[in-house]
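Engineer: Here it is, the structure in full.
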There are 2 protein chains.
Amino acid sequence: MHKKGLLGELIQSLCCLPGVGPKSAQRMAFHLLQRDRNRGKLLADTLLRAIDDIGYCQHCRTLTEEDLCGICANDSRDHSIVCIVESPADVWVIDQATIFRGQYFVLHGRLSPLDGLGPDELGLDLLEQRLASGSIKELILATNSTVEGEATAYFIGELAKKHQVSASRIAHGVPMGGELEFIDSGTLSHAFNGRKVI
Amino acid sequence: MHKKGLLGELIQSLCCLPGVGPKSAQRMAFHLLQRDRNRGKLLADTLLRAIDDIGYCQHCRTLTEEDLCGICANDSRDHSIVCIVESPADVWVIDQATIFRGQYFVLHGRLSPLDGLGPDELGLDLLEQRLASGSIKELILATNSTVEGEATAYFIGELAKKHQVSASRIAHGVPMGGELEFIDSGTLSHAFNGRKVI
């Protein structure tokens with residue numbers, strides 16, 4: 001009885017956010033209604049606008065409300081180095097964490113034939129056109145370090161080789177500050193095999 | 001450059017939710033835009049409706065979109081026992097956790113003269129009218145166990161005494177499953193003083 005109503009609906013809708021369960025949703029709903037109606041309204045308006053307006057960059061396929069995203073439209077960035085990532089979130093984190101000032105290309109997934117994700121679904125036809133046109137000098141493969149991510153990186157590496165474009169893979173190994181004792185064996189064996197002369 | 005735009009605005013708006021920092025907001029924004037636009041739209045719509053429509057129950061002052069909340073409108077509940085709480089969230093948790101089937105009265109705060117919160121701001125004039133009318137047989141004081149919450153409970157207890165209505169305070173002590181070793185000394189001393197004959 002008491003759980004129904006608009007408040008119950010709001011709590012249930014908030015549960016669609018990742019990492020938000022019924023308890024946090026409850027706390028969020030009461031917070032928005034009791035302390036922060038103005039910012040709640042702003043959130044709802046911004047969310048509606050974002051859902052309506054945000055599409056994909058024509059050049060790199062990341063999320064943007066313009067035809068070209070801020071990075072592709074920025075002429076001061078190096079257009080000849082392209083970092084290949086699986087998702088728009090990866091663009092965001094790499095751009096925050098590194099000094100990389102080239103461009104990106106978002107696959108929106110990884111090669112996974114069983115899920116119907118082949119080269120065309122990942123936009124690799126578009127990427128290959130660009131490799132063929134000679135506008136790209138270097139590819140940095142920053143797909144995830146999963147079996148499918150590695151296979152995707154290998155596949156794109158072969159494409160780059162075909163068009164005489166140099167390709168590199170981001171380094172994998174022990175995370176900075178990581179203690180060996182607590183690292184999983186896969187990472188540790190990878191770190192051993194990938195050791196560098198100092 | 002890259003952080004601006006509608007996506008940046010959305011991430012910033014999501015930070016207004018309690019317990020959500022920039023990292024979670026980022027994850028939520030990408031999740032909503034990439035996997036869950038329909039439920040994102042539903043969330044935004046429900047939030048707008050809730051902010052516009054939800055007000056306060058005329059009888060118990062909790063949050064509701066009706067004139068009377070589901071609890072006050074429910075005739076099968078006992079109208080003569082009233083549980084006094086500080087916030088609408090408390091109504092929600094008490095109703096989920098207990099078998100209490102009386103009614104509630106929401107103070108929206110606690111007595112705090114320095115913050116300008118006196119008896120009238122907490123709706124105690126309304127409560128006193130109801131105590132005087134004889135419609136209430138018992139008060140359960142479930143304000144928080146803070147100095148101000150205790151003072152508020154004491155004040156309302158005196159009101160009840162004035163009108164010959166019995167009032168009780170919820171029990172305070174060691175939480176169920178709590179190990180004595182990890183309980184703070186205030187709670188432990190309270191639990192000692194409040195010991196019961198078995």
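Each chain in the structure tokens gets a letter, A, B, ..., in the order shown, and its residues are numbered from 1; ligands are numbered from 1 in order too.
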Can you tell me, as a PyMOL selection string, what residues are no more than 12 Å from segment 66-78 of chain B when counting only C-alpha atoms, ignoring any on the same chain fewer than 6 positions away?

Structural biologist: (chain A and resi 1-8) or (chain B and resi 50+53-60+88+91-92+95+99-106+135-138)

Engineer: Residues within 10 Å of Leu124 of chain B, please, as a ChimeraX atom specification. Count only C-alpha atoms; anything in the same chain fewer than 6 positions from it doesn't count.

Structural biologist: /B:105-107,118,130,155-156,159

Engineer: Would you export the selected residues with N, CA and C atoms as a PDB file, in the first residue's frame, please?

Structural biologist:
ATOM      1  N   PHE B 105       3.634  10.829  12.376  1.00  0.00           N
ATOM      2  CA  PHE B 105       3.619  12.290  12.314  1.00  0.00           C
ATOM      3  C   PHE B 105       5.059  12.734  12.056  1.00  0.00           C
ATOM      4  N   VAL B 106       5.259  13.461  10.952  1.00  0.00           N
ATOM      5  CA  VAL B 106       6.618  13.802  10.527  1.00  0.00           C
ATOM      6  C   VAL B 106       6.967  15.230  10.952  1.00  0.00           C
ATOM      7  N   LEU B 107       8.045  15.391  11.699  1.00  0.00           N
ATOM      8  CA  LEU B 107       8.442  16.704  12.201  1.00  0.00           C
ATOM      9  C   LEU B 107       9.187  17.534  11.153  1.00  0.00           C
ATOM     10  N   GLY B 118      11.700  25.893  15.882  1.00  0.00           N
ATOM     11  CA  GLY B 118      10.962  25.829  17.136  1.00  0.00           C
ATOM     12  C   GLY B 118       9.782  24.887  16.985  1.00  0.00           C
ATOM     13  N   ARG B 130      -4.348  17.907  18.088  1.00  0.00           N
ATOM     14  CA  ARG B 130      -4.854  16.550  17.973  1.00  0.00           C
ATOM     15  C   ARG B 130      -4.810  15.827  19.322  1.00  0.00           C
ATOM     16  N   PHE B 155      10.485  17.001  24.873  1.00  0.00           N
ATOM     17  CA  PHE B 155       9.516  18.092  24.735  1.00  0.00           C
ATOM     18  C   PHE B 155       8.133  17.546  24.359  1.00  0.00           C
ATOM     19  N   ILE B 156       8.106  16.614  23.376  1.00  0.00           N
ATOM     20  CA  ILE B 156       6.817  16.065  22.935  1.00  0.00           C
ATOM     21  C   ILE B 156       6.218  15.171  24.026  1.00  0.00           C
ATOM     22  N   LEU B 159       4.371  17.384  26.298  1.00  0.00           N
ATOM     23  CA  LEU B 159       3.082  17.748  25.687  1.00  0.00           C
ATOM     24  C   LEU B 159       2.051  16.653  25.926  1.00  0.00           C
TER      25      LEU B 159
END

Engineer: Distance table requested - chain B against chain A, cut-off 6 Å, only C-alpha atoms: one row per qualifying residue with the closest atom pair and its distance in Å to one decimal, ordered by chain and rising residue number, as a Markdown table.

Structural biologist:
| residue | atom | partner | partner_atom | distance |
| --- | --- | --- | --- | --- |
| B:His2 | CA | A:Gly70 | CA | 5.2 |
| B:Leu10 | CA | A:Thr46 | CA | 5.8 |
| B:Ser13 | CA | A:Leu43 | CA | 5.0 |
| B:Leu17 | CA | A:Met28 | CA | 5.9 |
| B:Pro18 | CA | A:Met28 | CA | 5.9 |
| B:Met28 | CA | A:Pro18 | CA | 5.9 |
| B:Leu43 | CA | A:Ser13 | CA | 5.1 |
| B:Ala44 | CA | A:Ala44 | CA | 4.4 |
| B:Thr46 | CA | A:Leu10 | CA | 5.8 |
| B:Gly70 | CA | A:His2 | CA | 5.3 |

Engineer: With DSSP run on the backbone, what are the helix (DSSP H, G or I) residues within segment 55-195 of chain B? I'd like them as a short mmCIF file (atom, residue, chain, number, x, y, z; two decimals) with all heavy atoms, in the first residue's frame.

Structural biologist:
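selection.cif written:
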data_model
loop_
_atom_site.label_atom_id
_atom_site.label_comp_id
_atom_site.auth_asym_id
_atom_site.auth_seq_id
_atom_site.Cartn_x
_atom_site.Cartn_y
_atom_site.Cartn_z
N GLY B 70 -0.84 7.37 1.73
CA GLY B 70 -1.43 6.03 1.74
C GLY B 70 -1.71 5.54 3.15
O GLY B 70 -2.70 4.84 3.40
N ILE B 71 -0.84 5.91 4.10
CA ILE B 71 -1.01 5.43 5.47
C ILE B 71 -2.18 6.14 6.15
O ILE B 71 -3.02 5.51 6.79
CB ILE B 71 0.29 5.64 6.27
CG1 ILE B 71 1.40 4.75 5.67
CG2 ILE B 71 0.09 5.33 7.75
CD1 ILE B 71 2.73 4.87 6.34
N CYS B 72 -2.25 7.45 6.02
CA CYS B 72 -3.33 8.20 6.67
C CYS B 72 -4.68 7.86 6.04
O CYS B 72 -5.71 7.89 6.71
CB CYS B 72 -3.09 9.70 6.57
SG CYS B 72 -1.71 10.23 7.60
N ALA B 73 -4.66 7.56 4.71
CA ALA B 73 -5.93 7.27 4.02
C ALA B 73 -6.39 5.84 4.28
O ALA B 73 -7.51 5.48 3.92
CB ALA B 73 -5.77 7.50 2.52
N PRO B 88 10.40 11.95 6.44
CA PRO B 88 9.61 10.99 5.67
C PRO B 88 10.37 9.68 5.44
O PRO B 88 9.75 8.62 5.36
CB PRO B 88 9.36 11.71 4.34
CG PRO B 88 9.47 13.15 4.67
CD PRO B 88 10.52 13.24 5.73
N ALA B 89 11.70 9.74 5.34
CA ALA B 89 12.49 8.52 5.13
C ALA B 89 12.32 7.59 6.33
O ALA B 89 12.31 6.37 6.18
CB ALA B 89 13.95 8.87 4.92
N ASP B 90 12.19 8.16 7.53
CA ASP B 90 12.00 7.34 8.72
C ASP B 90 10.66 6.59 8.68
O ASP B 90 10.58 5.44 9.10
CB ASP B 90 12.04 8.22 9.98
CG ASP B 90 13.39 8.90 10.17
OD1 ASP B 90 14.39 8.39 9.61
OD2 ASP B 90 13.45 9.93 10.85
N VAL B 91 9.62 7.26 8.14
CA VAL B 91 8.32 6.59 7.98
C VAL B 91 8.51 5.34 7.14
O VAL B 91 8.08 4.25 7.48
CB VAL B 91 7.31 7.52 7.26
CG1 VAL B 91 6.03 6.76 6.96
CG2 VAL B 91 7.01 8.75 8.10
N TRP B 92 9.21 5.55 6.03
CA TRP B 92 9.46 4.47 5.07
C TRP B 92 10.18 3.29 5.73
O TRP B 92 9.75 2.15 5.63
CB TRP B 92 10.27 5.06 3.92
CG TRP B 92 10.29 4.27 2.66
CD1 TRP B 92 11.17 3.27 2.36
CD2 TRP B 92 9.44 4.41 1.52
NE1 TRP B 92 10.92 2.80 1.10
CE2 TRP B 92 9.87 3.46 0.56
CE3 TRP B 92 8.37 5.24 1.23
CZ2 TRP B 92 9.25 3.32 -0.68
CZ3 TRP B 92 7.77 5.10 -0.02
CH2 TRP B 92 8.19 4.15 -0.96
N VAL B 93 11.29 3.58 6.44
CA VAL B 93 12.07 2.47 7.02
C VAL B 93 11.31 1.80 8.16
O VAL B 93 11.35 0.57 8.28
CB VAL B 93 13.49 2.88 7.49
CG1 VAL B 93 14.37 3.24 6.30
CG2 VAL B 93 13.48 3.99 8.49
N ILE B 94 10.63 2.58 9.00
CA ILE B 94 9.89 1.95 10.11
C ILE B 94 8.77 1.08 9.56
O ILE B 94 8.56 -0.04 10.01
CB ILE B 94 9.33 3.02 11.08
CG1 ILE B 94 10.48 3.73 11.80
CG2 ILE B 94 8.37 2.39 12.10
CD1 ILE B 94 10.04 4.84 12.73
N ASP B 95 8.09 1.58 8.51
CA ASP B 95 6.99 0.79 7.98
C ASP B 95 7.47 -0.49 7.31
O ASP B 95 6.75 -1.49 7.28
CB ASP B 95 6.15 1.63 7.01
CG ASP B 95 4.67 1.48 7.29
OD1 ASP B 95 4.28 1.71 8.46
OD2 ASP B 95 3.92 1.10 6.38
N GLN B 96 8.70 -0.46 6.76
CA GLN B 96 9.24 -1.68 6.15
C GLN B 96 9.73 -2.66 7.21
O GLN B 96 9.62 -3.86 7.06
CB GLN B 96 10.40 -1.33 5.20
CG GLN B 96 9.93 -0.79 3.86
CD GLN B 96 11.09 -0.37 2.99
OE1 GLN B 96 12.17 -0.06 3.48
NE2 GLN B 96 10.86 -0.34 1.69
N ALA B 97 10.29 -2.13 8.32
CA ALA B 97 10.99 -2.99 9.27
C ALA B 97 10.11 -3.54 10.39
O ALA B 97 10.40 -4.58 10.96
CB ALA B 97 12.17 -2.23 9.87
N PRO B 113 16.72 25.57 18.26
CA PRO B 113 16.45 27.01 18.26
C PRO B 113 17.49 27.81 17.49
O PRO B 113 17.16 28.78 16.81
CB PRO B 113 16.49 27.36 19.75
CG PRO B 113 16.22 26.07 20.47
CD PRO B 113 16.81 25.01 19.60
N LEU B 114 18.75 27.35 17.52
CA LEU B 114 19.79 28.10 16.81
C LEU B 114 19.57 28.12 15.31
O LEU B 114 19.97 29.05 14.61
CB LEU B 114 21.18 27.51 17.10
CG LEU B 114 21.72 27.78 18.52
CD1 LEU B 114 23.07 27.12 18.69
CD2 LEU B 114 21.83 29.29 18.76
N ASP B 115 18.95 27.04 14.78
CA ASP B 115 18.65 27.00 13.34
C ASP B 115 17.25 27.55 13.05
O ASP B 115 16.76 27.40 11.94
CB ASP B 115 18.72 25.55 12.82
CG ASP B 115 20.09 24.93 13.05
OD1 ASP B 115 21.08 25.66 12.87
OD2 ASP B 115 20.17 23.74 13.41
N LEU B 124 4.23 21.16 15.78
CA LEU B 124 3.77 20.67 17.09
C LEU B 124 2.46 21.32 17.52
O LEU B 124 1.74 20.78 18.35
CB LEU B 124 4.87 20.87 18.13
CG LEU B 124 6.12 20.01 17.89
CD1 LEU B 124 7.13 20.18 19.00
CD2 LEU B 124 5.74 18.54 17.74
N ASP B 125 2.14 22.49 16.91
CA ASP B 125 0.84 23.10 17.20
C ASP B 125 -0.28 22.19 16.71
O ASP B 125 -1.26 21.93 17.41
CB ASP B 125 0.73 24.50 16.56
CG ASP B 125 1.29 24.54 15.15
OD1 ASP B 125 1.96 23.56 14.73
OD2 ASP B 125 1.05 25.54 14.43
N LEU B 126 -0.08 21.65 15.49
CA LEU B 126 -1.02 20.71 14.90
C LEU B 126 -1.14 19.45 15.75
O LEU B 126 -2.24 18.96 16.03
CB LEU B 126 -0.50 20.33 13.50
CG LEU B 126 -1.42 19.56 12.56
CD1 LEU B 126 -2.63 20.41 12.19
CD2 LEU B 126 -0.65 19.18 11.29
N LEU B 127 0.04 18.95 16.21
CA LEU B 127 0.02 17.73 17.03
C LEU B 127 -0.69 17.99 18.35
O LEU B 127 -1.48 17.16 18.81
CB LEU B 127 1.47 17.27 17.28
CG LEU B 127 1.61 15.97 18.08
CD1 LEU B 127 1.10 14.79 17.27
CD2 LEU B 127 3.06 15.73 18.49
N GLU B 128 -0.45 19.17 18.93
CA GLU B 128 -1.07 19.46 20.22
C GLU B 128 -2.60 19.56 20.09
O GLU B 128 -3.32 19.06 20.94
CB GLU B 128 -0.50 20.75 20.83
CG GLU B 128 -0.98 20.92 22.27
CD GLU B 128 -0.17 21.93 23.07
OE1 GLU B 128 0.64 22.67 22.46
OE2 GLU B 128 -0.36 21.99 24.31
N GLN B 129 -3.06 20.20 19.00
CA GLN B 129 -4.51 20.23 18.74
C GLN B 129 -5.08 18.83 18.77
O GLN B 129 -6.14 18.57 19.33
CB GLN B 129 -4.81 20.81 17.35
CG GLN B 129 -4.84 22.31 17.26
CD GLN B 129 -4.91 22.75 15.79
OE1 GLN B 129 -5.43 22.03 14.95
NE2 GLN B 129 -4.36 23.92 15.52
N ARG B 130 -4.35 17.91 18.09
CA ARG B 130 -4.85 16.55 17.97
C ARG B 130 -4.81 15.83 19.32
O ARG B 130 -5.69 15.03 19.64
CB ARG B 130 -4.07 15.78 16.91
CG ARG B 130 -4.99 15.19 15.88
CD ARG B 130 -4.25 14.58 14.73
NE ARG B 130 -3.89 15.57 13.74
CZ ARG B 130 -3.01 15.37 12.77
NH1 ARG B 130 -2.36 14.22 12.71
NH2 ARG B 130 -2.76 16.31 11.89
N LEU B 131 -3.76 16.11 20.12
CA LEU B 131 -3.67 15.53 21.46
C LEU B 131 -4.84 16.03 22.31
O LEU B 131 -5.50 15.29 23.05
CB LEU B 131 -2.35 15.91 22.13
CG LEU B 131 -1.08 15.22 21.60
CD1 LEU B 131 0.16 15.88 22.19
CD2 LEU B 131 -1.08 13.74 21.91
N ALA B 132 -5.14 17.35 22.18
CA ALA B 132 -6.20 17.97 22.97
C ALA B 132 -7.57 17.41 22.58
O ALA B 132 -8.46 17.27 23.42
CB ALA B 132 -6.19 19.49 22.77
N SER B 133 -7.73 17.07 21.29
CA SER B 133 -9.04 16.59 20.81
C SER B 133 -9.36 15.19 21.33
O SER B 133 -10.49 14.71 21.18
CB SER B 133 -9.08 16.58 19.29
OG SER B 133 -8.36 15.47 18.80
N VAL B 147 21.50 14.46 20.53
CA VAL B 147 21.13 15.36 21.62
C VAL B 147 19.83 16.09 21.29
O VAL B 147 18.89 16.14 22.08
CB VAL B 147 22.26 16.38 21.90
CG1 VAL B 147 21.81 17.39 22.95
CG2 VAL B 147 23.52 15.66 22.35
N GLU B 148 19.76 16.62 20.04
CA GLU B 148 18.57 17.36 19.65
C GLU B 148 17.35 16.46 19.50
O GLU B 148 16.23 16.85 19.85
CB GLU B 148 18.83 18.11 18.34
CG GLU B 148 19.77 19.30 18.55
CD GLU B 148 20.31 19.84 17.24
OE1 GLU B 148 20.28 19.09 16.24
OE2 GLU B 148 20.78 20.99 17.23
N GLY B 149 17.59 15.24 18.99
CA GLY B 149 16.48 14.29 18.86
C GLY B 149 15.91 13.92 20.22
O GLY B 149 14.70 13.83 20.40
N GLU B 150 16.81 13.72 21.21
CA GLU B 150 16.37 13.39 22.57
C GLU B 150 15.60 14.55 23.18
O GLU B 150 14.56 14.36 23.82
CB GLU B 150 17.58 13.07 23.47
CG GLU B 150 18.34 11.80 23.11
CD GLU B 150 17.54 10.52 23.35
OE1 GLU B 150 16.49 10.57 24.02
OE2 GLU B 150 17.96 9.46 22.83
N ALA B 151 16.10 15.78 22.97
CA ALA B 151 15.42 16.96 23.52
C ALA B 151 14.03 17.08 22.91
O ALA B 151 13.05 17.39 23.61
CB ALA B 151 16.24 18.22 23.23
N THR B 152 13.94 16.82 21.60
CA THR B 152 12.64 16.89 20.93
C THR B 152 11.68 15.86 21.51
O THR B 152 10.50 16.16 21.77
CB THR B 152 12.82 16.66 19.41
OG1 THR B 152 13.86 17.52 18.95
CG2 THR B 152 11.55 16.95 18.66
N ALA B 153 12.20 14.62 21.70
CA ALA B 153 11.36 13.56 22.27
C ALA B 153 10.87 13.96 23.66
O ALA B 153 9.71 13.78 24.01
CB ALA B 153 12.14 12.25 22.33
N TYR B 154 11.78 14.54 24.47
CA TYR B 154 11.41 14.97 25.82
C TYR B 154 10.31 16.02 25.77
O TYR B 154 9.30 15.93 26.48
CB TYR B 154 12.65 15.53 26.54
CG TYR B 154 12.35 16.02 27.93
CD1 TYR B 154 12.22 15.12 29.00
CD2 TYR B 154 12.16 17.37 28.19
CE1 TYR B 154 11.92 15.56 30.27
CE2 TYR B 154 11.85 17.83 29.46
CZ TYR B 154 11.73 16.93 30.50
OH TYR B 154 11.43 17.36 31.76
N PHE B 155 10.48 17.00 24.87
CA PHE B 155 9.52 18.09 24.74
C PHE B 155 8.13 17.55 24.36
O PHE B 155 7.12 17.92 24.96
CB PHE B 155 10.01 19.06 23.66
CG PHE B 155 9.17 20.29 23.49
CD1 PHE B 155 9.40 21.42 24.26
CD2 PHE B 155 8.13 20.32 22.57
CE1 PHE B 155 8.62 22.56 24.12
CE2 PHE B 155 7.33 21.45 22.41
CZ PHE B 155 7.59 22.58 23.20
N ILE B 156 8.11 16.61 23.38
CA ILE B 156 6.82 16.06 22.93
C ILE B 156 6.22 15.17 24.03
O ILE B 156 5.00 15.14 24.22
CB ILE B 156 6.97 15.30 21.60
CG1 ILE B 156 7.49 16.25 20.53
CG2 ILE B 156 5.65 14.68 21.15
CD1 ILE B 156 7.83 15.59 19.22
N GLY B 157 7.11 14.48 24.77
CA GLY B 157 6.64 13.66 25.90
C GLY B 157 5.91 14.53 26.93
O GLY B 157 4.87 14.14 27.47
N GLU B 158 6.45 15.74 27.18
CA GLU B 158 5.81 16.65 28.13
C GLU B 158 4.43 17.11 27.63
O GLU B 158 3.47 17.21 28.40
CB GLU B 158 6.69 17.88 28.37
CG GLU B 158 7.99 17.58 29.12
CD GLU B 158 7.72 17.08 30.54
OE1 GLU B 158 7.06 17.80 31.31
OE2 GLU B 158 8.17 15.95 30.87
N LEU B 159 4.37 17.38 26.30
CA LEU B 159 3.08 17.75 25.69
C LEU B 159 2.05 16.65 25.93
O LEU B 159 0.90 16.92 26.29
CB LEU B 159 3.23 17.91 24.16
CG LEU B 159 3.72 19.21 23.58
CD1 LEU B 159 3.56 19.19 22.06
CD2 LEU B 159 2.91 20.38 24.13
N ALA B 160 2.49 15.39 25.70
CA ALA B 160 1.59 14.25 25.84
C ALA B 160 1.10 14.14 27.28
O ALA B 160 -0.10 13.94 27.54
CB ALA B 160 2.29 12.97 25.42
N LYS B 161 2.05 14.34 28.22
CA LYS B 161 1.70 14.25 29.65
C LYS B 161 0.63 15.29 29.99
O LYS B 161 -0.35 15.01 30.67
CB LYS B 161 2.97 14.50 30.48
CG LYS B 161 2.95 13.85 31.85
CD LYS B 161 4.21 14.15 32.64
CE LYS B 161 5.41 13.32 32.21
NZ LYS B 161 6.65 13.69 32.96
N LYS B 162 0.81 16.52 29.43
CA LYS B 162 -0.13 17.60 29.68
C LYS B 162 -1.55 17.21 29.27
O LYS B 162 -2.52 17.62 29.92
CB LYS B 162 0.32 18.83 28.87
CG LYS B 162 -0.34 20.13 29.22
CD LYS B 162 0.40 21.29 28.56
CE LYS B 162 -0.52 22.10 27.67
NZ LYS B 162 0.22 23.00 26.75
N LEU B 180 30.07 -6.48 21.34
CA LEU B 180 30.34 -5.44 22.33
C LEU B 180 31.66 -4.74 22.08
O LEU B 180 31.79 -3.53 22.26
CB LEU B 180 30.36 -6.05 23.73
CG LEU B 180 29.02 -6.58 24.24
CD1 LEU B 180 29.12 -6.91 25.71
CD2 LEU B 180 27.92 -5.55 24.02
N GLU B 181 32.65 -5.54 21.63
CA GLU B 181 33.99 -5.01 21.38
C GLU B 181 33.99 -3.80 20.45
O GLU B 181 34.83 -2.92 20.54
CB GLU B 181 34.79 -6.15 20.74
CG GLU B 181 36.28 -5.96 20.77
CD GLU B 181 36.96 -7.19 20.13
OE1 GLU B 181 36.29 -8.24 20.01
OE2 GLU B 181 38.12 -7.07 19.77
N PHE B 182 33.04 -3.78 19.50
CA PHE B 182 33.05 -2.75 18.47
C PHE B 182 31.98 -1.67 18.67
O PHE B 182 31.78 -0.83 17.80
CB PHE B 182 32.88 -3.39 17.09
CG PHE B 182 33.93 -4.42 16.81
CD1 PHE B 182 33.60 -5.76 16.73
CD2 PHE B 182 35.26 -4.05 16.68
CE1 PHE B 182 34.57 -6.71 16.49
CE2 PHE B 182 36.25 -5.00 16.43
CZ PHE B 182 35.90 -6.34 16.34
N SER B 185 31.29 3.75 23.18
CA SER B 185 31.09 3.75 24.63
C SER B 185 29.76 4.40 25.03
O SER B 185 29.13 3.98 25.99
CB SER B 185 32.25 4.46 25.32
OG SER B 185 32.39 5.74 24.78
N GLY B 186 29.30 5.39 24.27
CA GLY B 186 28.02 6.04 24.57
C GLY B 186 26.87 5.03 24.51
O GLY B 186 26.05 4.95 25.44
N THR B 187 26.85 4.24 23.44
CA THR B 187 25.79 3.24 23.27
C THR B 187 25.86 2.20 24.38
O THR B 187 24.84 1.80 24.95
CB THR B 187 25.95 2.54 21.91
OG1 THR B 187 25.92 3.52 20.88
CG2 THR B 187 24.86 1.51 21.67
N LEU B 188 27.12 1.80 24.70
CA LEU B 188 27.29 0.74 25.69
C LEU B 188 26.82 1.21 27.06
O LEU B 188 26.12 0.49 27.78
CB LEU B 188 28.78 0.35 25.72
CG LEU B 188 29.09 -1.05 26.24
CD1 LEU B 188 28.25 -2.09 25.52
CD2 LEU B 188 30.57 -1.35 26.02
N SER B 189 27.18 2.45 27.41
CA SER B 189 26.77 2.98 28.72
C SER B 189 25.24 3.12 28.76
O SER B 189 24.59 2.81 29.76
CB SER B 189 27.49 4.30 28.98
OG SER B 189 26.60 5.33 29.19
N HIS B 190 24.64 3.54 27.61
CA HIS B 190 23.19 3.65 27.52
C HIS B 190 22.54 2.27 27.71
O HIS B 190 21.54 2.13 28.40
CB HIS B 190 22.80 4.22 26.15
CG HIS B 190 21.45 4.82 26.12
ND1 HIS B 190 21.23 6.17 26.11
CD2 HIS B 190 20.22 4.25 26.10
CE1 HIS B 190 19.94 6.42 26.09
NE2 HIS B 190 19.31 5.25 26.08
N ALA B 191 23.15 1.24 27.07
CA ALA B 191 22.61 -0.12 27.15
C ALA B 191 22.68 -0.64 28.58
O ALA B 191 21.80 -1.37 29.05
CB ALA B 191 23.37 -1.04 26.20
N PHE B 192 23.75 -0.26 29.31
CA PHE B 192 23.90 -0.69 30.71
C PHE B 192 22.84 -0.07 31.59
O PHE B 192 22.17 -0.74 32.36
CB PHE B 192 25.29 -0.31 31.21
CG PHE B 192 26.13 -1.51 31.47
CD1 PHE B 192 26.66 -2.23 30.40
CD2 PHE B 192 26.35 -1.98 32.75
CE1 PHE B 192 27.40 -3.37 30.61
CE2 PHE B 192 27.09 -3.12 32.98
CZ PHE B 192 27.61 -3.82 31.89
N ASN B 193 22.68 1.27 31.41
CA ASN B 193 21.71 1.97 32.24
C ASN B 193 20.29 1.52 31.94
O ASN B 193 19.42 1.57 32.81
CB ASN B 193 21.83 3.49 32.03
CG ASN B 193 23.15 4.00 32.54
OD1 ASN B 193 23.73 3.41 33.46
ND2 ASN B 193 23.64 5.08 31.95
#

Engineer: According to DSSP computed on the backbone, where in segment 35-66 of chain B is there strand (DSSP E)? Give the residues as an NGL selection string.

Structural biologist: :B and (55-56 or 63-64)

Engineer: With N, CA, C and O atoms retained, write the just-selected residues as an mmCIF file, in the first residue's frame.

Structural biologist:
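Listing of again28.cif after writing:
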data_model
loop_
_atom_site.group_PDB
_atom_site.id
_atom_site.type_symbol
_atom_site.label_atom_id
_atom_site.label_comp_id
_atom_site.auth_asym_id
_atom_site.auth_seq_id
_atom_site.Cartn_x
_atom_site.Cartn_y
_atom_site.Cartn_z
ATOM 1 N N GLY B 55 3.912 16.600 -2.688
ATOM 2 C CA GLY B 55 3.892 17.604 -1.628
ATOM 3 C C GLY B 55 3.828 16.888 -0.295
ATOM 4 O O GLY B 55 4.356 15.785 -0.162
ATOM 5 N N TYR B 56 3.153 17.498 0.676
ATOM 6 C CA TYR B 56 3.111 16.919 2.003
ATOM 7 C C TYR B 56 1.693 16.485 2.372
ATOM 8 O O TYR B 56 0.720 17.178 2.039
ATOM 9 N N LEU B 63 5.831 12.843 2.711
ATOM 10 C CA LEU B 63 5.784 13.158 1.283
ATOM 11 C C LEU B 63 4.724 12.316 0.589
ATOM 12 O O LEU B 63 4.675 11.107 0.759
ATOM 13 N N THR B 64 3.896 12.944 -0.212
ATOM 14 C CA THR B 64 2.906 12.205 -0.992
ATOM 15 C C THR B 64 2.389 13.093 -2.107
ATOM 16 O O THR B 64 2.457 14.319 -2.015
#

Engineer: What separation in Å, quoted to one decimal, exists between atom CA of Ile170 of chain A and atom CA of Arg195 of chain A?

Structural biologist: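 Distance between the two atoms: 14.0 Å.
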
Engineer: If I take atom CA of Asp184 of chain B and atom CA of Thr146 of chain B, how far is one from the other in Å, to one decimal?

Structural biologist: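 Separation between atom CA of Asp184 of chain B and atom CA of Thr146 of chain B: 14.0 Å.
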
Engineer: Between A:Leu139, A:Glu121, A:Pro22, A:Thr98, which residue has the minimum interatomic distance to Ser80 of chain A, considering only C-alpha atoms?

Structural biologist: A:Leu139

Engineer: Can you measure atom CA of Ala142 of chain B to atom CA of Glu86 of chain B for me? One decimal in Å is fine.

Structural biologist: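 So the answer is 7.7 Å.
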